[in-house]
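Engineer: Structure incoming, see below.
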Amino acid sequence: MIEVKELIKKFGRKKVLDGVSFTANKGEITCLIGINGVGKTTILNAIMALTPIHGGEILIDGKAIHKDSYEKITFIPDAITMLPQMRIADAMEFMADFYESWNQERATEMLRFFKLKETERISSLSKGNTAKVNLLLGLALDVDYVLMDEPFSGIDMFSREQIADVFTSHLIEDRGVIITTHEIHDIEHLIDKAILLDNGTVLKAFNTEDLRESEGKSVTDVMREVYQG
Amino acid sequence: MNRYLKLVNFEFNRFVKIYVVLLAITLITQIIGVILKSREYVANANEAIYQEQLSTSEFLSQYGTMSFDTIVRSVWFLGPIALCAGAVAFYIFLIWYRDWFGKNTFIYRLLMLPTARLNVFLAKGTTILLVTLGFIGFQLIILPIETTILKWIVPKDFRVDMGVHEIIGAIPELHLIFPQSFIEFVLSYGAGMMVVFVLFTAILLERSFRWKGILMGVAYGVVALFIMLSPLLVQDFVVDGYFYISEMVLLEVLVGCIVIALSIWFSNYLLKRKIRV
Amino acid sequence: MKVDFNKRDPVYVQVVRHFKEQIAKGMLEPGQEIPSRRELANQLKINPNTAQRAYKEMEGQGLIYTERNLPSKITKDEKVLGSVREELIVEAVDSFIASIRPIDVSVEEVLDLVKEKYEQEKK
């Protein structure tokens with residue numbers, strides 16, 4: 001379980017996150033929802049210790065993040081984290097070199113699924129394919145938790161569909177996933193848990209199926225209530 | 001340790017293309033220099049001997065013999081060395097900043113490696129050291145080639161041959177990069193690495209605190225400088241020349257080690273707690 | 001398999017209904033193997049947890065059964081199968097009534113219309 005407790009983050013004097021708390025379980029897809037600039041990416045960065053925090057605590061399976069945690073949790077940012085001059089094969093080799101949790105079989109499987117060529121240079125990939133390689137590099141790690149920043153934004157429809165397919169496959173199954181989005185529409189059916197953020201706080205956190213069951217409301221309905229009510 | 005070595009290898013490979021180009025520029029420029037300078041000398045000699053009817057000994061007493069240090073003092077020889085030194089100085093900054101800039105922010109990957117972040121720091125430092133040593137080594141290898149070319153062009157009677165040691169000895173300014181003894185090597189490269197680590201720390205301060213970080217980085221540099229100067233200040237103003245020169249050297253080595261240790265410790269702290277992507 | 005889910009009913013309920021429709025239409029036969037929860041999630045593009053929940057629900061209702069480690073199968077129980085058909089019909093009629101009731105119309109008139117339309121569509 002990933003526990004974010006009373007997280008505070010300031011940029012200068014401005015509090016971007018003001019006591020954000022939520023949990024994300026293994027085997028569930030948790031979605032951080034909010035407009036751009038609300039601090040979703042900052043939360044993911046904070047979980048990965050990529051930015052300092054000014055209050056609160058973040059625990060992964062009960063422990064603060066340390067160097068070995070990066071074999072258990074991975075982050076797929078919205079831009080690819082490999083050098084542009086690398087070929088896909090080089091990028092995979094780099095991952096295999098540094099991570100014990102790298103699973104080449106799974107990487108190969110995803111290459112095939114996404115119809116990517118190993119010999120292609122990252123700098124020459126289309127936006128959609130860059131996103132796919134980025135996803136591949138993260139998901140081919142045998143980690144318990146995967147964080148993804150806006151995996152569906154800024155790419156073509158077919159790439160979106162392919163990426164959505166990944167979410168319903170064994171590549172995601174049994175892992176704890178946190179994704180951020182400002183546009184829930186396409187993925188309502190995919191997520192287990194929604195965390196609605198605004199003004200640096202959690203406005204509402206709920207299990208999507210429970211809410212549909214008990215109140216007959218879609219995530220979009222709740223968003224309308226919470227953000228406009 | 002294992003991942004540290006892999007990182008060194010990786011960092012070095014990222015520089016290798018530019019590196020090869022720099023080495024090639026050095027080789028070509030210096031050899032062109034040797035050929036041009038030697039021919040110029042031979043042409044002078046021919047003109048003097050055949051047109052002005054000077055004898056060989058008269059020419060030699062008027063114009064002097066040709067030796068390699070004429071070439072060493074020319075821009076053909078020193079130019080590429082300055083270029084390489086400049087490249088290393090530039091690369092000390094680039095080795096960090098290029099990981100933050102551009103569309104592909106590689107710093108995410110580096111900071112998320114399952115290894116101590118300090119290894120990233122040390123690997124970058126090691127790369128700078130290796131690159132520098134490589135330049136020196138390459139220069140030492142091509143020197144004999146260059147002296148041989150000189151020998152082909154200038155006849156024996158007109159030249160004074162110099163060994164590699166003598167050539168380097170000819171220009172005292174180069175002693176810093178071409179140490180004459182092991183102690184000198186350790187001292188000048190130790191000092192070099194210290195400067196690199198202080199600069200790295202300043203860069204990490206900037207990367208952690210951005211605008212405010214620049215001031216902090218400069219302040220850190222001043223503090224490091226002050227620590228380095230402290231034995232001298234103590235010697236001059238407090239104990240009034242109490243220490244021998246050799247003791248002073250030892251003291252400088254000691255405070256140098258302190259500055260290196262401080263920089264590494266501080267950088268480790270910044271990488272762990274303060275760094276931002 | 002392509003299912004259009006609405007966003008307000010629980011997805012697992014919609015999956016169960018989808019199975020019931022398939023059974024009622026005879027697309028799924030008694031004793032037929034059904035996809036694993038992972039396959040189902042992938043086919044329907046839903047979260048594997050949801051697929052799991054749908055199967056649990058169906059198992060609870062006796063629609064499917066699992067023997068040892070074999071894949072789950074559609075029930076052969078005639079009574080359950082019969083009730084699925086009935087349930088779907090009753091549900092459809094209920095929702096029809098709910099939408100027709102606000103319009104002031106007699107049962108006879110409605111039934112005539114239904115008969116007429118139904119016959120027309122068959123042709």
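Numbering starts fresh at 1 for the residues of each chain in the structure tokens, the chains themselves are lettered A, B, ... in the order given, and ligands are numbered from 1 as they appear.
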I'd like the contact shell of segment 98-100 of chain B - 12 Å cut-off, only C-alpha atoms, skipping same-chain residues fewer than 2 positions apart - returned as a PDB file with C-alpha atoms, in the first residue's frame.

Structural biologist:
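Result went into out.pdb, see below:
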ATOM      1  CA  ALA A  79       7.892  12.614 -21.093  1.00  0.00           C
ATOM      2  CA  THR A  81      13.099   9.307 -19.547  1.00  0.00           C
ATOM      3  CA  MET A  82      15.667   7.999 -21.980  1.00  0.00           C
ATOM      4  CA  LEU A  83      18.207   9.775 -24.130  1.00  0.00           C
ATOM      5  CA  PRO A  84      16.868  10.782 -27.547  1.00  0.00           C
TER       6      PRO A  84
ATOM      7  CA  GLU B  11      28.504   8.607 -18.660  1.00  0.00           C
ATOM      8  CA  ARG B  14      27.699   9.723 -23.653  1.00  0.00           C
ATOM      9  CA  PHE B  15      30.772  11.896 -24.164  1.00  0.00           C
ATOM     10  CA  PHE B  90      32.305  23.315 -20.062  1.00  0.00           C
ATOM     11  CA  TYR B  91      31.476  19.658 -19.621  1.00  0.00           C
ATOM     12  CA  ILE B  92      31.642  19.942 -15.829  1.00  0.00           C
ATOM     13  CA  PHE B  93      28.425  21.932 -16.133  1.00  0.00           C
ATOM     14  CA  LEU B  94      26.944  20.178 -19.131  1.00  0.00           C
ATOM     15  CA  ILE B  95      27.285  16.745 -17.524  1.00  0.00           C
ATOM     16  CA  TRP B  96      24.573  17.805 -15.066  1.00  0.00           C
ATOM     17  CA  GLY B 102      15.308  19.095 -23.385  1.00  0.00           C
ATOM     18  CA  LYS B 103      12.184  17.054 -23.876  1.00  0.00           C
ATOM     19  CA  ASN B 104      13.681  13.883 -22.516  1.00  0.00           C
ATOM     20  CA  THR B 105      14.420  14.570 -18.900  1.00  0.00           C
ATOM     21  CA  PHE B 106      16.904  11.875 -18.150  1.00  0.00           C
ATOM     22  CA  ILE B 107      17.362  13.061 -14.578  1.00  0.00           C
ATOM     23  CA  TYR B 108      14.120  11.245 -13.670  1.00  0.00           C
ATOM     24  CA  ARG B 109      15.757   7.988 -14.675  1.00  0.00           C
ATOM     25  CA  LEU B 110      19.039   8.723 -12.915  1.00  0.00           C
ATOM     26  CA  LEU B 111      17.325   9.625  -9.663  1.00  0.00           C
ATOM     27  CA  VAL B 120      25.448   9.260  -9.940  1.00  0.00           C
ATOM     28  CA  LYS B 124      29.990  12.033 -13.187  1.00  0.00           C
ATOM     29  CA  ILE B 203      25.450  23.078  -9.482  1.00  0.00           C
ATOM     30  CA  LEU B 204      23.354  20.833  -7.229  1.00  0.00           C
ATOM     31  CA  ARG B 207      19.335  22.600  -9.214  1.00  0.00           C
ATOM     32  CA  SER B 208      17.770  22.240  -5.756  1.00  0.00           C
ATOM     33  CA  ILE B 275      16.903  17.847  -5.446  1.00  0.00           C
ATOM     34  CA  ARG B 276      14.081  18.665  -7.868  1.00  0.00           C
ATOM     35  CA  VAL B 277      13.374  17.243 -11.272  1.00  0.00           C
TER      36      VAL B 277
END

Engineer: Output as a ChimeraX atom specification all residues of chain C that backbone DSSP marks as helix (DSSP H, G or I).

Structural biologist: /C:11-25,37-44,48-60,78-100,107-122

Engineer: For Leu44 of chain C, which residue out of C:Gln14, C:Gln32, C:Gln61, C:Ser72 is the nearest one, using only C-alpha atoms?

Structural biologist: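 So, comparing all the options, the nearest one is C:Gln14.
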
Engineer: For Val259 of chain B, list every protein, DNA or RNA residue within 12 Å, evaluated using only C-alpha atoms, and leave out those in the same chain fewer than 3 positions away; present the list as a PyMOL selection string.

Structural biologist: chain B and resi 190-191+193-199+201+220-230+252-256+262-267

Engineer: Which neighbours of Thr42 of chain A fall inside 9 Å, counting only C-alpha atoms, when residues of the same chain fewer than 4 positions from it are skipped, and could you give them as a list in words?

Structural biologist: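 Contacts, with the query itself left out: Lys9, Val16, Leu17, Val38, Ala46, Ile47, Leu50 and Thr51 of chain A.
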
Engineer: Would you kindly return, as a PyMOL selection string, each protein, DNA or RNA residue with an atom no farther than 8 Å from any atom of Thr180 of chain A, considering only C-alpha atoms and excluding same-chain residues fewer than 4 positions away?

Structural biologist: chain A and resi 31-33+40-41+148-151

Engineer: Using only C-alpha atoms, find each residue of chain C with at least one atom at most 12 Å away from an atom of chain A; report its shortest atom-to-atom pair and that distance in Å (one decimal), sort the rows by chain and rising residue number, and return the result as a tab-separated table.

Structural biologist:
residue	atom	partner	partner_atom	distance
C:Val3	CA	A:His189	CA	11.7
C:Asp4	CA	A:His189	CA	10.6
C:Phe5	CA	A:His189	CA	8.1
C:Asn6	CA	A:Ser218	CA	8.7
C:Lys7	CA	A:Ser218	CA	5.1
C:Arg8	CA	A:Ser218	CA	4.6
C:Asp9	CA	A:Arg212	CA	5.3
C:Pro10	CA	A:Arg212	CA	4.9
C:Val11	CA	A:Glu209	CA	6.8
C:Tyr12	CA	A:Glu209	CA	7.9
C:Val13	CA	A:Glu213	CA	8.7
C:Gln14	CA	A:Glu213	CA	11.1
C:Val15	CA	A:His189	CA	11.6
C:Ser36	CA	A:His170	CA	11.8
C:Arg37	CA	A:Ser169	CA	10.3
C:Arg38	CA	A:Ser169	CA	6.8
C:Glu39	CA	A:Ser169	CA	8.0
C:Leu40	CA	A:Thr168	CA	9.0
C:Ala41	CA	A:Thr168	CA	5.6
C:Asn42	CA	A:Thr168	CA	5.0
C:Gln43	CA	A:Thr168	CA	8.4
C:Leu44	CA	A:Thr168	CA	8.5
C:Lys45	CA	A:Thr168	CA	5.7
C:Ile46	CA	A:Leu190	CA	5.4
C:Asn47	CA	A:Leu190	CA	4.9
C:Pro48	CA	A:Thr168	CA	6.2
C:Asn49	CA	A:Glu28	CA	7.6
C:Thr50	CA	A:Glu209	CA	8.2
C:Ala51	CA	A:Thr168	CA	9.8
C:Gln52	CA	A:Glu173	CA	11.4
C:Arg53	CA	A:Glu209	CA	10.1
C:Ala54	CA	A:Glu209	CA	11.3

Engineer: Which residue is closest to chain A? Choose from B:Trp152, B:Tyr244, B:Tyr63, B:Phe209 and count only C-alpha atoms.

Structural biologist: B:Phe209
